[in-house]
Each structure stands twice: as structure tokens, then as C-alpha cells.
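J.: Dropping a structure here in C-alpha cells format, bear with me for questions.
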Number of protein chains: 2
Amino acid sequence: MAVSPPPQAPPTRLLVVEDDDTIRETIAEALSSEGFEVDAVGSGSTALERFKGSPDNPSCDLVLLDLMLPGVSGLDVCRYVRRRGFSTPIIVVSARDSETDRVVGLEIGADDYLVKPFGMRELVARCRALLRRSARNGDSGAKEVLRFEDITLYPEECRVTRGGQEVNLSPKEYRLLEVFMQSPKRVWSRDKLLERVWGIDFMGDSKTVDVHIRWLREKLETNPSAPTYILTVRGFGYRFG
Amino acid sequence: MAVSPPPQAPPTRLLVVEDDDTIRETIAEALSSEGFEVDAVGSGSTALERFKGSPDNPSCDLVLLDLMLPGVSGLDVCRYVRRRGFSTPIIVVSARDSETDRVVGLEIGADDYLVKPFGMRELVARCRALLRRSARNGDSGAKEVLRFEDITLYPEECRVTRGGQEVNLSPKEYRLLEVFMQSPKRVWSRDKLLERVWGIDFMGDSKTVDVHIRWLREKLETNPSAPTYILTVRGFGYRFG
DNA sequence: ATAACACGATTAACATTTGCGTAGAGCTAA
DNA sequence: TTAGCTCTACGCAAATGTTAATCGTGTTAT
């Protein structure tokens with residue numbers, strides 16, 4: 001397959017729910033080292049907080065859920081998540097090994113049921129398989145059009161307009177703008193931008209960002225030397241809006 | 001007013017691939033009694049015949065695949081199915097129990113890996129869970145004629161015309177055009193196209209896409225070097241329209 | 001206030017990537 | 001066999017990305 005594409009997509013976010021500190025850490029580490037962004041919590045109630053928002057805007061892309069939790073059990077979490085309308089993929093992880101346990105877990109809305117102890121390679125493979133399946137169904141593909149004042153960015157079409165006029169951006173310029181528009185007002189350091197747009201393995205100078213910002217301004221701003229969209233925050237970086 | 005007939009959903013069709021007659025019968029019976037339509041075959045080569053058609057017209061909705069088959073192995077079947085671009089859910093069923101076996105199975109494109117012996121209730125639960133997850137794809141059967149300007153694509157007949165004139169496309173060219181026409185304006189990266197048209201485990205170069213795009217333009221465009229249908233989006237991929 | 005300094009802006013030279021077009025080899029089916 | 005399809009390889013040209021040197025401007029210490 002071709003060279004992996006630059007990180008135009010934000011990293012996949014996994015929620016790990018497990019009360020045993022050792023296991024939780026092991027899992028979190030294994031998944032992090034595979035490039036996932038891991039949010040590891042130790043209780044069901046904390047897990048529930050991650051699903052307070054709208055199902056259209058889930059705070060994670062996949063849940064690893066231990067069943068035997070003190071207080072709010074894993075089954076409760078699963079039920080709650082589904083009842084609230086989230087279709088986030090869930091892999092249940094449990095020491096309970098009976099067929100009935102598995103069936104109940106799956107029927108309650110989990111996508112997979114993995115019995116402890118298990119190997120990290122299998123865990124990762126199952127996560128990947130499930131994410132692959134979910135991605136294909138476009139659950140996560142609902143990229144919304146981003147707007148700010150008279151600027152519009154169409155993620156599906158890699159296209160930007162200002163005041164209805166097409167703006168022709170290079171890939172780096174486009175991704176910079178995309179990152180900016182995904183969180184207006186937020187200040188981005190050069191390093192964070194490099195990480196988001198160029199990828200973690202970029203080894204060059206952070207000054208590179210300056211140049212691309214300049215070019216982006218050239219194409220977006222009315223007066224590139226007195227920008228109104230992409231603002232400089234001296235000593236910190238840049239922000240949009 | 002007449003009573004409207006109950007909206008009858010077509011039954012879910014499962015393909016069971018298992019060489020052991022007893023096991024195959026047991027599985028087929030268990031699944032039939034759950035309301036599934038079961039197509040049980042005893043060899044890999046027979047299974048392959050079920051995937052001769054177009055990925056948009058799969059002959060089944062889920063595959064239960066034994067790995068240890070005489071002749072064409074289960075892994076071969078899985079690989080073939082994915083390589084041809086089918087996204088049909090696959091549950092691998094195997095006596096092989098090592099973590100490596102499972103990881104390989106999942107990485108090759110299976111959605112789940114179930115170790116023999118297993119209970120029928122769990123099997124059914126896993127089928128249901130997987131179908132539930134895949135269901136969002138839902139539009140199996142839509143098969144509408146796709147039009148854009150003077151180009152028309154007839155999915156049922158795998159046929160394309162431009163200005164009423166028949167355009168003779170190879171399978172890859174046809175699939176490419178089909179993917180494009182299913183979402184006009186949308187930008188497709190080479191990798192995404194490989195995934196959609198070639199299947200997830202295609203191991204070749206993404207430059208391959210370029211060449212097929214070239215051929216497609218050759219047959220579709222008035223001036224292939226100045227395309228008006230299939231446009232290049234430098235740094236991102238291609239788009240239609 | 002002003003000089004020294006730090007940081008960002010700007011530009012141009014240079015390097016790399018990307019896409020196009022072509023040719024040819026491997027494979028399969030008629 | 002021939003013919004069609006698929007994939008890989010290579011060279012070219014243009015677009016894009018990176019580096020580095022210089023210029024401006026705001027900040028700070030004296």
C-alpha cells in the first residue's frame with residue numbers, strides 16, 4: 001500500500017474503562033503505542049460522564065469496557081450509552097467466561113466480548129477490526145461543513161470558499177486552515193500545528209509553519225500584512241478568529 | 001381503506017462455510033431456527049463462487065467461515081473476498097486457538113474470530129451484534145441509476161453510457177466510476193479508492209490508481225488530458241463532477 | 001528614551017513531491 | 001495463440017514544501 005497519508009484525520013480516541021490500575025495501565029500503554037489516543041478511566045460513573053453530550057458528537061470512537069466495576073457496572077454503562085442513542089463501538093472485556101455472560105453482553109449492545117486474560121495483540125487486532133467495520137458504515141464519516149464569517153470549508157470536497165469565491169489552497173495550507181477552523185479562537189503553538197498538520201514524525205524546523213501561514217494569509221486575507229482571520233499571538237503561536 | 005400489508009423485510013442471508021458435515025448442519029439449523037436464511041457450503045471453492053458478482057450486489061449478508069478447509073482455505077476465502085472489494089461481515093470460526101491465529105484472521109479482514117467449540121447461543125449473539133453494526137450500511141437493494149450530466153451508470157447491468165452511447169469499461173474502471181458517481185464532488189484519496197475498489201488488503205502501489213484513472217478518462221472524457229468529469233485535486237486525490 | 005534583543009514577517013533559492021503519460025511484463029479467458 | 005485487463009516502472013514537468021538569510025517590529029533593560 002502507498003505511504004500512509006498525512007494526519008489529516010485526528011487520531012482515533014479510545015475510552016478504556018477498567019478499575020484494576022495495573023490492567024488499565026497495560027492496556028492504555030499498548031494502545032497508545034499503536035497510535036491511538038487513550039482516555040483511561042477507573043469507574044463506571046466517570047465513563048458515563050463521557051457520554052453526556054450529543055450522539056452526533058461522541059467524545060470517543062471506541063470503548064473498551066470492563067464488566068466488573070464497583071458501583072455502576074459495565075453492563076449499566078453499555079445500556080446507558082445505547083439507550084442515549086450512541087452507536088459508539090463497544091468491546092466488553094471481562095473475566096466472566098460463561099456463554100450466558102457473553103450472550104448477555106452482546107445482546108445488550110456490545111460489539112465484541114473478550115475474555116480475560118487476553119493478549120495485547122489480539123486486543124489491538126479486535127479494536128482495528130471493529131473500527132474498520134464502523135468506519136465503513138460512515139458512522140464517523142459525517143464531516144460537517146465549517147464556517148467562519150464569510151469563509152466556508154467543505155471537508156468532503158477539500159475545498160474552501162471566501163465570500164462564495166473559490167480559494168485554491170495547497171495541501172498544507174488547507175490542513176492548516178482546517179485545524180484552525182475546527183477550533184476557532186484557540187491558540188496553536190507551532191509545535192502543535194506541526195504535530196497536527198505535518199505529523200508527529202516531522203523532523204524539520206518549526207519556522208516552516210511561519211512560511212505556510214504567510215502563504216495562507218496571502219490567499220485568504222484581504223491585506224495579508226494586516227490579517228483579520230489568522231492572527232499572531234506573539235510568544236505563543238497563531239489563532240483563527 | 002385497505003389494510004396495508006406488513007412491511008416485510010427480506011430475510012438476512014448467511015453463508016456458512018464448513019467442511020465438517022455435522023457441524024455445518026448444526027450451525028445451519030441453529031441459525032435457520034432464528035429466522036436467518038442459510039446457505040451452507042462445504043468447501044472454499046464453493047464459497048468463492050458466491051463472490052463472483054459485484055461488491056454492490058453481494059449474495060449474502062454475513063459469512064461464517066471455517067479456517068481449516070481442504071483445498072482453498074478459509075484465509076484464502078477471506079483474502080479473496082476482501083480483495084475483491086466486498087465488505088460483507090465475516091466471522092471466522094476455527095479450532096485454532098493461538099493468539100497469532102486470531103490476530104492473523106482479524107488482520108486479514110475478518111470481523112470476529114470464534115474458537116471451536118462454541119455454543120450456538122453465542123454464535124447467534126455474535127452474528128446479531130455484527131449485523132447490527134453493519135446494518136447502517138442498510139441501502140442494500142437501492143441500486144438506483146446514477147446520472148451526471150450526459151453520463152449514466154446502470155448498477156444492475158454494470159453498464160455505462162455517455163450521451164446515449166455505450167461506454168465499454170473494464171471492471172476496475174467501472175467500479176471506480178461507480179464509487180465516484182455515488183458521491184459527486186467528493187474528493188477521494190488514492191488510498192480510499194484502493195480500499196473501495198480493490199479491497200482493504202491490496203498490497204500494491206497507490207500509483208496503480210493513477211493509471212486506471214487515466215484509462216477511465218481515455219474512455220469517458222472528450223479530451224483525456226483536459227478532463228471535465230474526473231478532476232485531479234492535487235495533494236488529495238480525485239473527484240467526480 | 002533608546003539600544004539591545006527576541007520574535008515574527010518576508011522573500012528567494014533550493015529540494016522534494018506529485019501527477020501525467022507511456023511502455024511493457026504478467027496473467028487470464030476466449 | 002490472441003486479446004484484454006491489471007499492475008509496475010520510469011522520465012518529465014509543474015506544483016509544493018523547506019531552508020536560510022534578511023528585514024521589521026514589539027519588548028525590555030538601562
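Scheme for the C-alpha cells: letters A, B, ... for chains in order shown; per-chain residue numbers from 1; ligand numbers from 1 in order shown.
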Residues of chain C within 10 Å of chain B, using only C-alpha atoms (C1' of nucleotides), as a PyMOL selection string?

T.: chain C and resi 17-21

J.: Can you write out as a tab-separated table which residues of chain D fall within 10 Å of chain B, alongside each residue's closest atom pair and its distance in Å to one decimal, counting only C-alpha atoms (C1' of nucleotides) and ordering rows by chain and ascending residue number?

T.:
```
residue	atom	partner	partner_atom	distance
D:DG4	C1'	B:Ser170	CA	8.9
D:DC5	C1'	B:Ser170	CA	7.2
D:DT6	C1'	B:Lys172	CA	8.9
D:DC7	C1'	B:Thr208	CA	6.6
D:DT8	C1'	B:Thr208	CA	8.1
D:DA15	C1'	B:Arg234	CA	8.4
D:DT16	C1'	B:Gly235	CA	8.9
```

J.: For Cys158 of chain B, work out the shell of residues within 8 Å, counting only C-alpha atoms (C1' of nucleotides) and skipping chain neighbours fewer than 4 positions away, then give it as JSON, numbers by chain.

T.: {"B": [153, 154, 174]}

J.: Can I get the selection written as a PDB file, in the first residue's frame, with C-alpha atoms?

T.:
```
ATOM      1  CA  LEU B 153     -24.490   4.377 -14.920  1.00  0.00           C
ATOM      2  CA  TYR B 154     -26.816   1.375 -14.612  1.00  0.00           C
ATOM      3  CA  TYR B 174     -16.442   0.574 -13.850  1.00  0.00           C
TER       4      TYR B 174
END
```

J.: Write down, as JSON, numbers by chain, each residue of chain B that has any atom within 9 Å of an atom of chain A, counting only C-alpha atoms.

T.: {"B": [87, 89, 99, 100, 102, 103, 104, 106, 107, 109, 110, 111, 112, 113, 118, 119, 121, 122, 123, 124, 125, 126, 128, 129, 130, 132, 133, 134, 135, 136, 137, 138, 185, 186, 187, 188, 189, 190, 191, 194, 201, 202, 203, 204, 205, 206, 207, 233, 234, 235, 236, 239]}

J.: From a backbone DSSP assignment, name each residue in segment 60-233 of chain B labelled helix (DSSP H, G or I), as a ChimeraX atom specification.

T.: /B:74-83,99-107,120-137,155-157,171-182,190-198,207-220

J.: Fewer than 3 positions away in the same chain doesn't count, so skip those; otherwise give me all residues within 12 Å of Glu178 of chain A, counting only C-alpha atoms (C1' of nucleotides), as a ChimeraX atom specification.

T.: /A:7-10,143-148,151-156,158-160,169,171-175,181-184,193,196-197,216,240

J.: Could you dump the residues just selected with N, CA and C atoms as an mmCIF file, in the first residue's frame?

T.:
```
data_model
loop_
_atom_site.group_PDB
_atom_site.id
_atom_site.type_symbol
_atom_site.label_atom_id
_atom_site.label_comp_id
_atom_site.auth_asym_id
_atom_site.auth_seq_id
_atom_site.Cartn_x
_atom_site.Cartn_y
_atom_site.Cartn_z
ATOM 1 N N PRO A 7 -1.536 13.115 8.564
ATOM 2 C CA PRO A 7 -2.601 13.009 9.563
ATOM 3 C C PRO A 7 -3.665 14.051 9.364
ATOM 4 N N GLN A 8 -4.392 13.974 8.259
ATOM 5 C CA GLN A 8 -5.472 14.914 8.075
ATOM 6 C C GLN A 8 -6.582 14.621 9.063
ATOM 7 N N ALA A 9 -6.730 13.328 9.399
ATOM 8 C CA ALA A 9 -7.731 12.954 10.374
ATOM 9 C C ALA A 9 -7.112 13.000 11.768
ATOM 10 N N PRO A 10 -7.882 13.509 12.732
ATOM 11 C CA PRO A 10 -7.394 13.464 14.103
ATOM 12 C C PRO A 10 -7.277 12.017 14.557
ATOM 13 N N LYS A 143 -18.580 14.389 8.189
ATOM 14 C CA LYS A 143 -17.783 15.593 8.337
ATOM 15 C C LYS A 143 -18.627 16.814 8.038
ATOM 16 N N GLU A 144 -18.674 17.704 8.974
ATOM 17 C CA GLU A 144 -19.516 18.865 8.791
ATOM 18 C C GLU A 144 -18.783 20.006 8.109
ATOM 19 N N VAL A 145 -19.557 20.781 7.405
ATOM 20 C CA VAL A 145 -19.014 21.980 6.774
ATOM 21 C C VAL A 145 -18.655 22.984 7.855
ATOM 22 N N LEU A 146 -17.479 23.570 7.729
ATOM 23 C CA LEU A 146 -17.035 24.542 8.729
ATOM 24 C C LEU A 146 -17.178 25.962 8.188
ATOM 25 N N ARG A 147 -17.738 26.831 9.019
ATOM 26 C CA ARG A 147 -17.926 28.213 8.577
ATOM 27 C C ARG A 147 -17.367 29.198 9.583
ATOM 28 N N PHE A 148 -16.835 30.287 9.094
ATOM 29 C CA PHE A 148 -16.453 31.403 9.959
ATOM 30 C C PHE A 148 -16.569 32.677 9.135
ATOM 31 N N ILE A 151 -15.950 32.788 5.364
ATOM 32 C CA ILE A 151 -15.125 31.667 4.911
ATOM 33 C C ILE A 151 -15.838 30.337 5.161
ATOM 34 N N THR A 152 -15.868 29.482 4.162
ATOM 35 C CA THR A 152 -16.501 28.171 4.303
ATOM 36 C C THR A 152 -15.537 27.085 3.863
ATOM 37 N N LEU A 153 -15.439 26.036 4.663
ATOM 38 C CA LEU A 153 -14.563 24.920 4.331
ATOM 39 C C LEU A 153 -15.391 23.643 4.210
ATOM 40 N N TYR A 154 -15.286 22.991 3.060
ATOM 41 C CA TYR A 154 -16.021 21.756 2.805
ATOM 42 C C TYR A 154 -15.077 20.552 2.931
ATOM 43 N N PRO A 155 -15.120 19.885 4.078
ATOM 44 C CA PRO A 155 -14.161 18.797 4.336
ATOM 45 C C PRO A 155 -14.251 17.667 3.308
ATOM 46 N N GLU A 156 -15.473 17.333 2.898
ATOM 47 C CA GLU A 156 -15.652 16.227 1.967
ATOM 48 C C GLU A 156 -14.992 16.523 0.626
ATOM 49 N N CYS A 158 -12.521 18.917 0.193
ATOM 50 C CA CYS A 158 -11.216 19.563 0.312
ATOM 51 C C CYS A 158 -11.240 20.923 -0.383
ATOM 52 N N ARG A 159 -12.236 21.712 -0.064
ATOM 53 C CA ARG A 159 -12.470 22.925 -0.823
ATOM 54 C C ARG A 159 -12.784 24.073 0.133
ATOM 55 N N VAL A 160 -12.339 25.268 -0.226
ATOM 56 C CA VAL A 160 -12.568 26.437 0.614
ATOM 57 C C VAL A 160 -13.067 27.591 -0.239
ATOM 58 N N LEU A 169 -6.153 26.286 -2.344
ATOM 59 C CA LEU A 169 -5.118 26.083 -1.331
ATOM 60 C C LEU A 169 -4.291 24.833 -1.610
ATOM 61 N N PRO A 171 -2.144 21.521 -0.178
ATOM 62 C CA PRO A 171 -2.498 20.601 0.910
ATOM 63 C C PRO A 171 -2.151 21.122 2.293
ATOM 64 N N LYS A 172 -0.944 21.608 2.473
ATOM 65 C CA LYS A 172 -0.550 22.094 3.799
ATOM 66 C C LYS A 172 -1.386 23.300 4.217
ATOM 67 N N GLU A 173 -1.599 24.180 3.287
ATOM 68 C CA GLU A 173 -2.413 25.348 3.597
ATOM 69 C C GLU A 173 -3.823 24.919 3.993
ATOM 70 N N TYR A 174 -4.363 23.994 3.235
ATOM 71 C CA TYR A 174 -5.716 23.517 3.501
ATOM 72 C C TYR A 174 -5.826 22.897 4.885
ATOM 73 N N ARG A 175 -4.865 22.061 5.210
ATOM 74 C CA ARG A 175 -4.929 21.387 6.511
ATOM 75 C C ARG A 175 -4.734 22.352 7.658
ATOM 76 N N MET A 181 -9.984 26.051 11.804
ATOM 77 C CA MET A 181 -11.431 26.235 11.811
ATOM 78 C C MET A 181 -12.159 25.221 12.679
ATOM 79 N N GLN A 182 -11.477 24.117 12.976
ATOM 80 C CA GLN A 182 -12.095 23.131 13.859
ATOM 81 C C GLN A 182 -12.173 23.654 15.287
ATOM 82 N N SER A 183 -11.282 24.572 15.637
ATOM 83 C CA SER A 183 -11.391 25.208 16.949
ATOM 84 C C SER A 183 -10.973 26.668 16.860
ATOM 85 N N PRO A 184 -11.946 27.490 16.474
ATOM 86 C CA PRO A 184 -11.699 28.932 16.357
ATOM 87 C C PRO A 184 -11.296 29.507 17.714
ATOM 88 N N LEU A 193 0.863 22.681 15.800
ATOM 89 C CA LEU A 193 0.450 22.715 14.404
ATOM 90 C C LEU A 193 1.254 21.703 13.590
ATOM 91 N N ARG A 196 -0.194 18.348 14.289
ATOM 92 C CA ARG A 196 -1.498 18.130 13.672
ATOM 93 C C ARG A 196 -1.436 18.037 12.145
ATOM 94 N N VAL A 197 -0.697 18.950 11.562
ATOM 95 C CA VAL A 197 -0.709 19.069 10.109
ATOM 96 C C VAL A 197 0.390 18.237 9.451
ATOM 97 N N LEU A 216 -0.866 31.163 3.397
ATOM 98 C CA LEU A 216 -2.292 31.040 3.655
ATOM 99 C C LEU A 216 -2.923 32.427 3.763
ATOM 100 N N PHE A 240 -7.071 31.373 15.017
ATOM 101 C CA PHE A 240 -8.015 31.726 13.955
ATOM 102 C C PHE A 240 -9.242 32.363 14.567
#
```

J.: Please extract the residues of segment 35-209 of chain A with a backbone DSSP assignment of strand (DSSP E) and present them as an MDAnalysis selection string.

T.: chainID A and resid 37:41 62:66 90:94 112:115 146:148 151:154 159:162 165:167 187:188

J.: What's the 10 Å shell around DT28 of chain D, counting only C-alpha atoms (C1' of nucleotides), without same-chain residues fewer than 2 positions away, as a list in words?

T.: DA4, DC5 and DA6 of chain C; DG26 and DT30 of chain D

J.: Produce a file of the selected residues containing C-alpha atoms (C1' of nucleotides), as a compact mmCIF listing (two decimals), in the first residue's frame.

T.:
```txt
# COMPACT_ATOMS: atom_id res chain seq x y z
C1' DA C 4 19.85 45.59 22.55
C1' DC C 5 17.27 41.80 21.93
C1' DA C 6 13.74 38.46 20.66
C1' DG D 26 7.43 44.96 19.54
C1' DT D 30 19.36 50.51 31.37
```
